[in-house]
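Raw entry_29.txt, compact mmCIF, C-alpha atoms:
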# COMPACT_ATOMS: atom_id res chain seq x y z
CA MET A 1 76.53 131.63 91.14
CA LYS A 2 78.10 131.17 94.56
CA MET A 3 79.93 127.86 94.96
CA GLU A 4 80.04 126.29 98.40
CA PHE A 5 83.61 125.60 99.50
CA PRO A 6 84.16 121.84 99.10
CA GLN A 7 85.49 120.04 102.16
CA LEU A 8 87.62 116.95 101.54
CA SER A 9 88.94 114.22 103.79
CA THR A 10 91.47 111.41 103.69
CA LYS A 11 92.44 108.74 106.14
CA ARG A 12 94.37 111.19 108.36
CA LEU A 13 93.43 114.62 107.07
CA LYS A 14 90.63 117.04 106.48
CA LEU A 15 90.89 119.79 103.91
CA LYS A 16 88.72 122.83 104.45
CA GLN A 17 88.53 126.55 103.84
CA ILE A 18 91.20 128.63 105.55
CA SER A 19 89.90 131.41 107.80
CA LEU A 20 91.36 134.26 109.82
CA ALA A 21 91.32 131.89 112.80
CA ASP A 22 94.28 130.20 111.01
CA THR A 23 96.37 133.38 110.93
CA GLN A 24 99.01 132.18 113.41
CA ALA A 25 99.37 128.79 111.71
CA ILE A 26 99.66 130.41 108.26
CA TYR A 27 102.26 132.81 109.65
CA ASP A 28 104.19 129.87 111.13
CA ILE A 29 104.27 128.21 107.70
CA PHE A 30 105.19 131.20 105.58
CA SER A 31 107.66 132.76 108.03
CA ASN A 32 109.98 129.76 107.73
CA GLN A 33 112.85 130.40 105.30
CA ASP A 34 113.02 126.72 104.32
CA VAL A 35 109.31 126.62 103.41
CA VAL A 36 109.50 129.69 101.16
CA GLU A 37 112.97 128.97 99.72
CA TYR A 38 111.48 128.20 96.29
CA TYR A 39 108.50 130.57 96.64
CA ASP A 40 107.99 133.89 94.95
CA LEU A 41 107.80 135.63 98.32
CA ALA A 42 110.10 136.38 101.22
CA PRO A 43 109.48 134.88 104.66
CA PHE A 44 106.65 136.62 106.48
CA GLU A 45 107.70 139.06 109.17
CA ASP A 46 104.33 139.82 110.79
CA LEU A 47 100.84 138.43 111.23
CA ALA A 48 99.34 141.03 108.88
CA GLN A 49 101.02 139.24 105.97
CA ALA A 50 99.33 135.99 106.98
CA GLU A 51 95.96 137.75 107.16
CA LYS A 52 96.56 139.24 103.72
CA ILE A 53 97.29 135.88 102.09
CA ILE A 54 94.24 134.30 103.75
CA LYS A 55 92.08 137.08 102.32
CA PHE A 56 93.77 136.61 98.93
CA PHE A 57 92.90 132.89 98.97
CA GLN A 58 89.29 133.81 99.82
CA THR A 59 89.06 136.38 97.01
CA ARG A 60 90.47 133.92 94.50
CA PHE A 61 87.84 131.36 95.53
CA GLU A 62 84.98 133.88 95.37
CA SER A 63 86.03 134.92 91.86
CA HIS A 64 86.16 131.25 90.77
CA SER A 65 89.76 131.74 89.60
CA GLY A 66 91.38 129.36 92.11
CA ILE A 67 90.94 127.49 95.37
CA ARG A 68 93.24 126.83 98.31
CA TRP A 69 92.44 124.38 101.10
CA GLY A 70 93.88 124.37 104.57
CA ILE A 71 95.25 120.97 105.59
CA TYR A 72 94.42 119.73 109.10
CA PHE A 73 94.71 116.46 110.99
CA MET A 74 91.31 114.94 111.75
CA ASP A 75 91.65 115.86 115.44
CA ASN A 76 91.18 119.61 114.77
CA SER A 77 94.87 120.41 114.71
CA PRO A 78 96.15 123.81 113.66
CA CYS A 79 96.55 124.29 109.90
CA LEU A 80 99.49 122.15 108.74
CA GLY A 81 99.76 123.66 105.27
CA THR A 82 97.77 124.65 102.22
CA CYS A 83 97.16 123.17 98.80
CA GLY A 84 94.96 123.74 95.82
CA PHE A 85 94.76 125.46 92.49
CA ASN A 86 96.48 128.79 92.00
CA SER A 87 94.47 129.10 88.82
CA LEU A 88 91.50 127.39 87.22
CA ASP A 89 90.95 127.79 83.49
CA LYS A 90 87.42 126.57 82.78
CA HIS A 91 87.73 127.28 79.05
CA MET A 92 90.90 125.14 78.75
CA HIS A 93 89.75 122.55 81.34
CA SER A 94 93.01 122.96 83.22
CA ALA A 95 94.34 123.99 86.61
CA THR A 96 97.68 124.97 88.13
CA LEU A 97 98.62 123.33 91.42
CA GLY A 98 100.27 124.99 94.41
CA TYR A 99 101.07 123.75 97.92
CA ASP A 100 103.11 124.32 101.06
CA LEU A 101 103.56 122.57 104.39
CA ASN A 102 104.83 123.56 107.83
CA LYS A 103 108.38 122.25 108.01
CA LYS A 104 107.76 120.20 111.16
CA TYR A 105 105.44 117.96 109.10
CA TRP A 106 107.78 117.34 106.17
CA GLY A 107 108.56 113.73 105.28
CA GLN A 108 105.31 112.25 106.64
CA GLY A 109 103.44 111.83 103.34
CA ILE A 110 100.94 114.53 104.30
CA MET A 111 101.20 116.54 101.10
CA THR A 112 100.98 113.49 98.85
CA GLU A 113 97.86 112.39 100.73
CA ALA A 114 96.24 115.84 100.62
CA LEU A 115 97.02 116.46 96.95
CA GLY A 116 95.72 113.02 96.02
CA SER A 117 92.32 114.02 97.39
CA VAL A 118 92.40 117.41 95.63
CA ILE A 119 93.35 115.81 92.31
CA GLN A 120 90.70 113.10 92.66
CA THR A 121 88.07 115.79 93.28
CA ALA A 122 89.23 117.84 90.29
CA PHE A 123 89.16 114.87 87.91
CA ASP A 124 85.81 113.59 89.20
CA ASN A 125 83.02 113.81 86.64
CA ASN A 126 80.99 115.90 89.12
CA SER A 127 83.87 118.24 89.97
CA PRO A 128 82.74 121.52 91.56
CA PHE A 129 85.21 123.26 89.21
CA GLY A 130 83.70 121.97 85.98
CA PRO A 131 85.58 119.51 83.81
CA ILE A 132 89.33 119.40 84.44
CA ASN A 133 91.52 117.39 82.08
CA ARG A 134 95.01 118.71 82.90
CA ILE A 135 96.70 119.76 86.13
CA GLN A 136 100.04 121.50 85.91
CA ALA A 137 102.65 122.25 88.56
CA ASP A 138 105.92 124.13 88.33
CA THR A 139 109.01 123.58 90.44
CA ILE A 140 112.37 125.30 90.59
CA PRO A 141 115.29 123.00 89.77
CA GLY A 142 116.71 121.75 93.06
CA ASN A 143 113.34 121.40 94.79
CA THR A 144 113.57 117.62 94.76
CA ALA A 145 111.08 117.12 97.61
CA SER A 146 108.35 118.84 95.60
CA GLU A 147 109.30 116.97 92.43
CA ASN A 148 109.12 113.67 94.34
CA VAL A 149 105.59 114.49 95.57
CA LEU A 150 104.48 115.22 92.00
CA ARG A 151 106.06 112.05 90.61
CA ARG A 152 104.42 109.91 93.34
CA LEU A 153 101.07 111.33 92.19
CA GLY A 154 101.79 110.41 88.56
CA PHE A 155 102.86 113.81 87.19
CA LYS A 156 105.18 113.72 84.19
CA GLU A 157 108.01 116.20 83.74
CA GLU A 158 107.36 118.05 80.48
CA GLY A 159 110.36 120.32 80.28
CA LEU A 160 112.26 123.30 81.55
CA ARG A 161 111.06 126.83 80.91
CA ARG A 162 114.23 128.89 81.09
CA GLN A 163 114.13 132.07 83.19
CA CYS A 164 110.33 131.91 83.18
CA GLY A 165 109.94 133.43 86.64
CA TYR A 166 111.31 136.52 88.30
CA TRP A 167 111.24 137.09 92.04
CA LYS A 168 113.66 137.80 94.87
CA ASP A 169 115.63 139.95 92.40
CA GLN A 170 116.56 137.10 90.07
CA TYR A 171 115.29 135.01 87.17
CA HIS A 172 114.27 131.42 87.83
CA ASP A 173 113.99 128.42 85.56
CA LEU A 174 110.80 126.44 86.08
CA LYS A 175 110.33 122.73 85.53
CA CYS A 176 106.87 122.01 84.19
CA PHE A 177 105.06 118.90 85.41
CA ALA A 178 101.58 117.83 84.33
CA LEU A 179 99.03 115.14 85.00
CA LEU A 180 96.20 114.29 82.64
CA LYS A 181 92.87 112.92 83.80
CA ASN A 182 93.34 109.64 81.91
CA GLU A 183 96.74 109.11 83.59
CA PHE A 184 95.58 109.53 87.18
CA THR A 185 95.11 106.42 89.27
CA THR A 186 94.06 106.41 92.91
Could I get this structure in the form of structure tokens?
Amino acid sequence: MKMEFPQLSTKRLKLKQISLADTQAIYDIFSNQDVVEYYDLAPFEDLAQAEKIIKFFQTRFESHSGIRWGIYFMDNSPCLGTCGFNSLDKHMHSATLGYDLNKKYWGQGIMTEALGSVIQTAFDNNSPFGPINRIQADTIPGNTASENVLRRLGFKEEGLRRQCGYWKDQYHDLKCFALLKNEFTT
């Protein structure tokens, strides 16, 4: 069954499906060293990498294994960032959160606002993803900005998974944060 891509909106933002028309904006986000500092990828060096990740997001949505929204101001701005679920586990009623934002928009509350809408949609009784009871997010120690976003949304730190990740030629500890449906307040 084909699911229609859900569009979301907040006071300042609209969240919609990313398309190849967003290639330059996605490149601008992922080519910034500061944005990808804690990511499992190196800064993008050409537009083809941005096209590839956009197609990856689309494939993940079509396979019902994840969903990634583009974040835009209401006035049809370029894509500011992305957010959504890197994985959806319908059997376990859980999802894993991921997000990024163009550096020039950091510190404006944009990601907290966007993720609040995504989380509200996921926990809604009529969620397009089926029932979701738990949303998890991982951060690398030192990524305090990301941890602060999660805490503002009500996520609880559950622990440190030592050397759980490997990218950029080194092992990384991951802090696990989670939010349960009965803990979320709008």
With distances taken over all atoms listed in the file, which of A:Phe184, A:Phe85, A:Trp106, A:Phe57 is nearest to A:Val35?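 Of all the options, A:Trp106 lies closest to A:Val35.
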Non-local contacts of A:Pro43 (10 Å; only C-alpha atoms; under 6 positions in same chain excluded) as number ranges by chain: A: 27-37, 49
Give me, as number ranges by chain, all polymer residues having an atom no more than 10 Å from A:Pro128, counting all atoms listed in the file and skipping those fewer than 5 positions away in the same chain. A: 3-6, 121-123
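In terms of minimum interatomic distance to A:Asn102, A:Leu80 ranks closest within A:Leu115, A:Ile71, A:Leu88, A:Leu80, counting all atoms listed in the file.
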Calculated over only C-alpha atoms, which of the candidates A:Ser127, A:Tyr38, A:His91, A:Lys14 has the smallest distance to A:Lys168?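 Looking only at the distances to A:Lys168, the closest residue turns out to be A:Tyr38.
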List as a CSV table (one decimal) with C-alpha atoms, in the coordinates of the input: which residues have an atom within 10 Å of (108.0, 129.2, 89.1), counting only C-alpha atoms?
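Written output follows (out-v7.csv):
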chain,number,residue,atom,x,y,z
A,38,TYR,CA,111.5,128.2,96.3
A,39,TYR,CA,108.5,130.6,96.6
A,40,ASP,CA,108.0,133.9,95.0
A,137,ALA,CA,102.6,122.2,88.6
A,138,ASP,CA,105.9,124.1,88.3
A,139,THR,CA,109.0,123.6,90.4
A,140,ILE,CA,112.4,125.3,90.6
A,141,PRO,CA,115.3,123.0,89.8
A,161,ARG,CA,111.1,126.8,80.9
A,163,GLN,CA,114.1,132.1,83.2
A,164,CYS,CA,110.3,131.9,83.2
A,165,GLY,CA,109.9,133.4,86.6
A,166,TYR,CA,111.3,136.5,88.3
A,167,TRP,CA,111.2,137.1,92.0
A,171,TYR,CA,115.3,135.0,87.2
A,172,HIS,CA,114.3,131.4,87.8
A,173,ASP,CA,114.0,128.4,85.6
A,174,LEU,CA,110.8,126.4,86.1
A,175,LYS,CA,110.3,122.7,85.5
A,176,CYS,CA,106.9,122.0,84.2
Spatial neighbours of A:Cys79, max dist 8 Å, all atoms listed in the file, sep filter under 5 positions, as a PDB file with C-alpha atoms, keeping the file's coordinate frame:
ATOM      1  CA  ASP A  22      94.280 130.200 111.010  1.00  0.00           C
ATOM      2  CA  ALA A  25      99.370 128.790 111.710  1.00  0.00           C
ATOM      3  CA  ILE A  26      99.660 130.410 108.260  1.00  0.00           C
ATOM      4  CA  GLY A  70      93.880 124.370 104.570  1.00  0.00           C
ATOM      5  CA  ILE A  71      95.250 120.970 105.590  1.00  0.00           C
ATOM      6  CA  TYR A  72      94.420 119.730 109.100  1.00  0.00           C
TER       7      TYR A  72
END
Between stretch 45-137 of chain A and stretch 143-158 of chain A, at 9 Å or less, what are the per-residue closest atom pairs and their distances in Å? Count all atoms listed in the file, order by chain and rising residue number, and return it as JSON lines.
{"residue": "A:Gly107", "atom": "CA", "partner": "A:Ala145", "partner_atom": "CA", "distance": 8.8}
{"residue": "A:Gly109", "atom": "CA", "partner": "A:Val149", "partner_atom": "CA", "distance": 8.5}
{"residue": "A:Met111", "atom": "CA", "partner": "A:Val149", "partner_atom": "CA", "distance": 7.4}
{"residue": "A:Thr112", "atom": "CA", "partner": "A:Val149", "partner_atom": "CA", "distance": 5.7}
{"residue": "A:Leu115", "atom": "CA", "partner": "A:Leu153", "partner_atom": "CA", "distance": 8.1}
{"residue": "A:Gly116", "atom": "CA", "partner": "A:Leu153", "partner_atom": "CA", "distance": 6.8}
{"residue": "A:Ile119", "atom": "CA", "partner": "A:Leu153", "partner_atom": "CA", "distance": 8.9}
{"residue": "A:Ile135", "atom": "CA", "partner": "A:Phe155", "partner_atom": "CA", "distance": 8.6}
{"residue": "A:Gln136", "atom": "CA", "partner": "A:Phe155", "partner_atom": "CA", "distance": 8.3}
{"residue": "A:Ala137", "atom": "CA", "partner": "A:Leu150", "partner_atom": "CA", "distance": 8.0}
Residues from the last selection, C-alpha atoms, saved as a short mmCIF file (atom, residue, chain, number, x, y, z; two decimals), in the coordinates of the input:
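So out_4.cif came out as:
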data_model
loop_
_atom_site.label_atom_id
_atom_site.label_comp_id
_atom_site.auth_asym_id
_atom_site.auth_seq_id
_atom_site.Cartn_x
_atom_site.Cartn_y
_atom_site.Cartn_z
CA GLY A 107 108.56 113.73 105.28
CA GLY A 109 103.44 111.83 103.34
CA MET A 111 101.20 116.54 101.10
CA THR A 112 100.98 113.49 98.85
CA LEU A 115 97.02 116.46 96.95
CA GLY A 116 95.72 113.02 96.02
CA ILE A 119 93.35 115.81 92.31
CA ILE A 135 96.70 119.76 86.13
CA GLN A 136 100.04 121.50 85.91
CA ALA A 137 102.65 122.25 88.56
#
If you measure from atom CA of A:Ser19 to atom CA of A:Lys90, what distance in Å do you get, rounded to one decimal?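 Atom CA of A:Lys90 lies 25.6 Å from atom CA of A:Ser19.
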Can you pull out the residues contacting A:Gly66? Cut-off 9 Å, using all atoms listed in the file, and skip same-chain residues under 4 positions away; I want them as a PDB file with C-alpha atoms, keeping the file's coordinate frame.
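Output file selection.pdb follows:
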ATOM      1  CA  PHE A  57      92.900 132.890  98.970  1.00  0.00           C
ATOM      2  CA  THR A  59      89.060 136.380  97.010  1.00  0.00           C
ATOM      3  CA  ARG A  60      90.470 133.920  94.500  1.00  0.00           C
ATOM      4  CA  PHE A  61      87.840 131.360  95.530  1.00  0.00           C
ATOM      5  CA  GLU A  62      84.980 133.880  95.370  1.00  0.00           C
ATOM      6  CA  GLY A  84      94.960 123.740  95.820  1.00  0.00           C
ATOM      7  CA  PHE A  85      94.760 125.460  92.490  1.00  0.00           C
ATOM      8  CA  ASN A  86      96.480 128.790  92.000  1.00  0.00           C
ATOM      9  CA  SER A  87      94.470 129.100  88.820  1.00  0.00           C
ATOM     10  CA  LEU A  88      91.500 127.390  87.220  1.00  0.00           C
ATOM     11  CA  ASP A  89      90.950 127.790  83.490  1.00  0.00           C
ATOM     12  CA  ALA A  95      94.340 123.990  86.610  1.00  0.00           C
ATOM     13  CA  THR A  96      97.680 124.970  88.130  1.00  0.00           C
TER      14      THR A  96
END
If I take atom CA of A:Asn133 and atom CA of A:Phe73, how far is one from the other in Å, to one decimal? 29.1 Å
Could you tell me how far atom CA of A:Thr23 lies from atom CA of A:Gln120, in Å and to one decimal?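 Pair atom CA of A:Thr23 / atom CA of A:Gln120 returns 27.9 Å.
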File output, stretch 113-156 of chain A (N, CA and C atoms) as a CSV table (one decimal), in the first residue's frame:
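The resulting file, decode.csv, is shown below:
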chain,number,residue,atom,x,y,z
A,113,GLU,N,11.1,23.2,17.2
A,113,GLU,CA,9.7,23.4,16.6
A,113,GLU,C,9.4,22.3,15.6
A,114,ALA,N,10.3,22.0,14.7
A,114,ALA,CA,10.0,21.0,13.7
A,114,ALA,C,9.9,19.6,14.3
A,115,LEU,N,10.8,19.2,15.1
A,115,LEU,CA,10.7,17.9,15.8
A,115,LEU,C,9.5,17.8,16.6
A,116,GLY,N,9.0,18.8,17.3
A,116,GLY,CA,7.8,18.8,18.1
A,116,GLY,C,6.6,18.3,17.2
A,117,SER,N,6.5,18.9,16.0
A,117,SER,CA,5.5,18.5,15.1
A,117,SER,C,5.6,17.0,14.6
A,118,VAL,N,6.8,16.6,14.3
A,118,VAL,CA,7.1,15.2,13.9
A,118,VAL,C,6.7,14.3,15.0
A,119,ILE,N,7.1,14.6,16.2
A,119,ILE,CA,6.8,13.7,17.3
A,119,ILE,C,5.3,13.6,17.6
A,120,GLN,N,4.7,14.8,17.6
A,120,GLN,CA,3.2,14.8,17.8
A,120,GLN,C,2.5,13.9,16.8
A,121,THR,N,2.9,14.0,15.5
A,121,THR,CA,2.3,13.2,14.5
A,121,THR,C,2.6,11.7,14.7
A,122,ALA,N,3.8,11.4,15.1
A,122,ALA,CA,4.1,10.0,15.4
A,122,ALA,C,3.3,9.4,16.5
A,123,PHE,N,3.1,10.2,17.6
A,123,PHE,CA,2.4,9.7,18.7
A,123,PHE,C,0.9,9.8,18.6
A,124,ASP,N,0.4,10.5,17.6
A,124,ASP,CA,-1.1,10.6,17.4
A,124,ASP,C,-1.7,9.2,17.2
A,125,ASN,N,-2.9,9.1,17.6
A,125,ASN,CA,-3.6,7.8,17.5
A,125,ASN,C,-3.8,7.4,16.1
A,126,ASN,N,-3.9,8.4,15.2
A,126,ASN,CA,-4.1,8.1,13.7
A,126,ASN,C,-2.8,8.3,12.9
A,127,SER,N,-1.7,8.0,13.6
A,127,SER,CA,-0.4,8.2,12.9
A,127,SER,C,-0.3,7.5,11.6
A,128,PRO,N,0.3,8.1,10.6
A,128,PRO,CA,0.4,7.4,9.3
A,128,PRO,C,1.4,6.3,9.4
A,129,PHE,N,2.2,6.2,10.4
A,129,PHE,CA,3.2,5.1,10.6
A,129,PHE,C,2.7,3.9,11.4
A,130,GLY,N,1.5,4.0,11.8
A,130,GLY,CA,1.0,2.9,12.7
A,130,GLY,C,1.3,3.4,14.1
A,131,PRO,N,1.0,2.6,15.1
A,131,PRO,CA,1.2,3.0,16.5
A,131,PRO,C,2.7,3.1,16.8
A,132,ILE,N,3.1,4.2,17.4
A,132,ILE,CA,4.5,4.5,17.8
A,132,ILE,C,4.4,4.7,19.3
A,133,ASN,N,5.2,4.0,20.1
A,133,ASN,CA,5.2,4.2,21.6
A,133,ASN,C,6.5,4.8,22.0
A,134,ARG,N,7.6,4.5,21.3
A,134,ARG,CA,8.9,5.0,21.7
A,134,ARG,C,9.7,5.6,20.5
A,135,ILE,N,10.3,6.7,20.8
A,135,ILE,CA,11.2,7.4,19.8
A,135,ILE,C,12.5,7.5,20.5
A,136,GLN,N,13.5,7.0,19.8
A,136,GLN,CA,14.9,7.0,20.3
A,136,GLN,C,15.8,8.0,19.4
A,137,ALA,N,16.8,8.5,20.1
A,137,ALA,CA,17.7,9.4,19.3
A,137,ALA,C,19.1,9.1,20.0
A,138,ASP,N,20.1,9.1,19.2
A,138,ASP,CA,21.5,8.9,19.7
A,138,ASP,C,22.3,10.2,19.4
A,139,THR,N,23.1,10.6,20.3
A,139,THR,CA,24.1,11.7,20.1
A,139,THR,C,25.5,11.2,20.5
A,140,ILE,N,26.4,11.9,20.0
A,140,ILE,CA,27.8,11.6,20.4
A,140,ILE,C,28.1,12.6,21.5
A,141,PRO,N,28.8,12.1,22.6
A,141,PRO,CA,29.2,12.9,23.7
A,141,PRO,C,29.9,14.2,23.2
A,142,GLY,N,29.5,15.3,23.7
A,142,GLY,CA,30.0,16.6,23.2
A,142,GLY,C,29.1,17.4,22.3
A,143,ASN,N,28.1,16.7,21.8
A,143,ASN,CA,27.1,17.4,20.9
A,143,ASN,C,26.0,17.9,21.8
A,144,THR,N,26.3,18.9,22.6
A,144,THR,CA,25.4,19.5,23.6
A,144,THR,C,24.2,20.2,22.9
A,145,ALA,N,24.4,20.8,21.8
A,145,ALA,CA,23.2,21.4,21.1
A,145,ALA,C,22.2,20.4,20.8
A,146,SER,N,22.5,19.3,20.3
A,146,SER,CA,21.6,18.2,20.0
A,146,SER,C,20.9,17.7,21.2
A,147,GLU,N,21.7,17.5,22.2
A,147,GLU,CA,21.2,17.0,23.5
A,147,GLU,C,20.2,17.9,24.1
A,148,ASN,N,20.5,19.2,24.0
A,148,ASN,CA,19.6,20.3,24.5
A,148,ASN,C,18.2,20.2,23.8
A,149,VAL,N,18.3,20.1,22.5
A,149,VAL,CA,17.0,19.9,21.7
A,149,VAL,C,16.2,18.8,22.2
A,150,LEU,N,16.8,17.6,22.4
A,150,LEU,CA,16.1,16.4,22.8
A,150,LEU,C,15.5,16.6,24.2
A,151,ARG,N,16.3,17.2,25.1
A,151,ARG,CA,15.8,17.4,26.5
A,151,ARG,C,14.6,18.4,26.5
A,152,ARG,N,14.7,19.5,25.7
A,152,ARG,CA,13.6,20.4,25.6
A,152,ARG,C,12.3,19.7,25.1
A,153,LEU,N,12.4,18.7,24.3
A,153,LEU,CA,11.3,17.9,23.8
A,153,LEU,C,10.8,16.8,24.8
A,154,GLY,N,11.5,16.7,25.9
A,154,GLY,CA,11.1,15.7,26.9
A,154,GLY,C,11.9,14.4,26.9
A,155,PHE,N,12.9,14.2,26.0
A,155,PHE,CA,13.6,13.0,25.9
A,155,PHE,C,14.4,12.8,27.2
A,156,LYS,N,14.6,11.5,27.6
A,156,LYS,CA,15.4,11.2,28.8
A,156,LYS,C,16.6,10.5,28.3
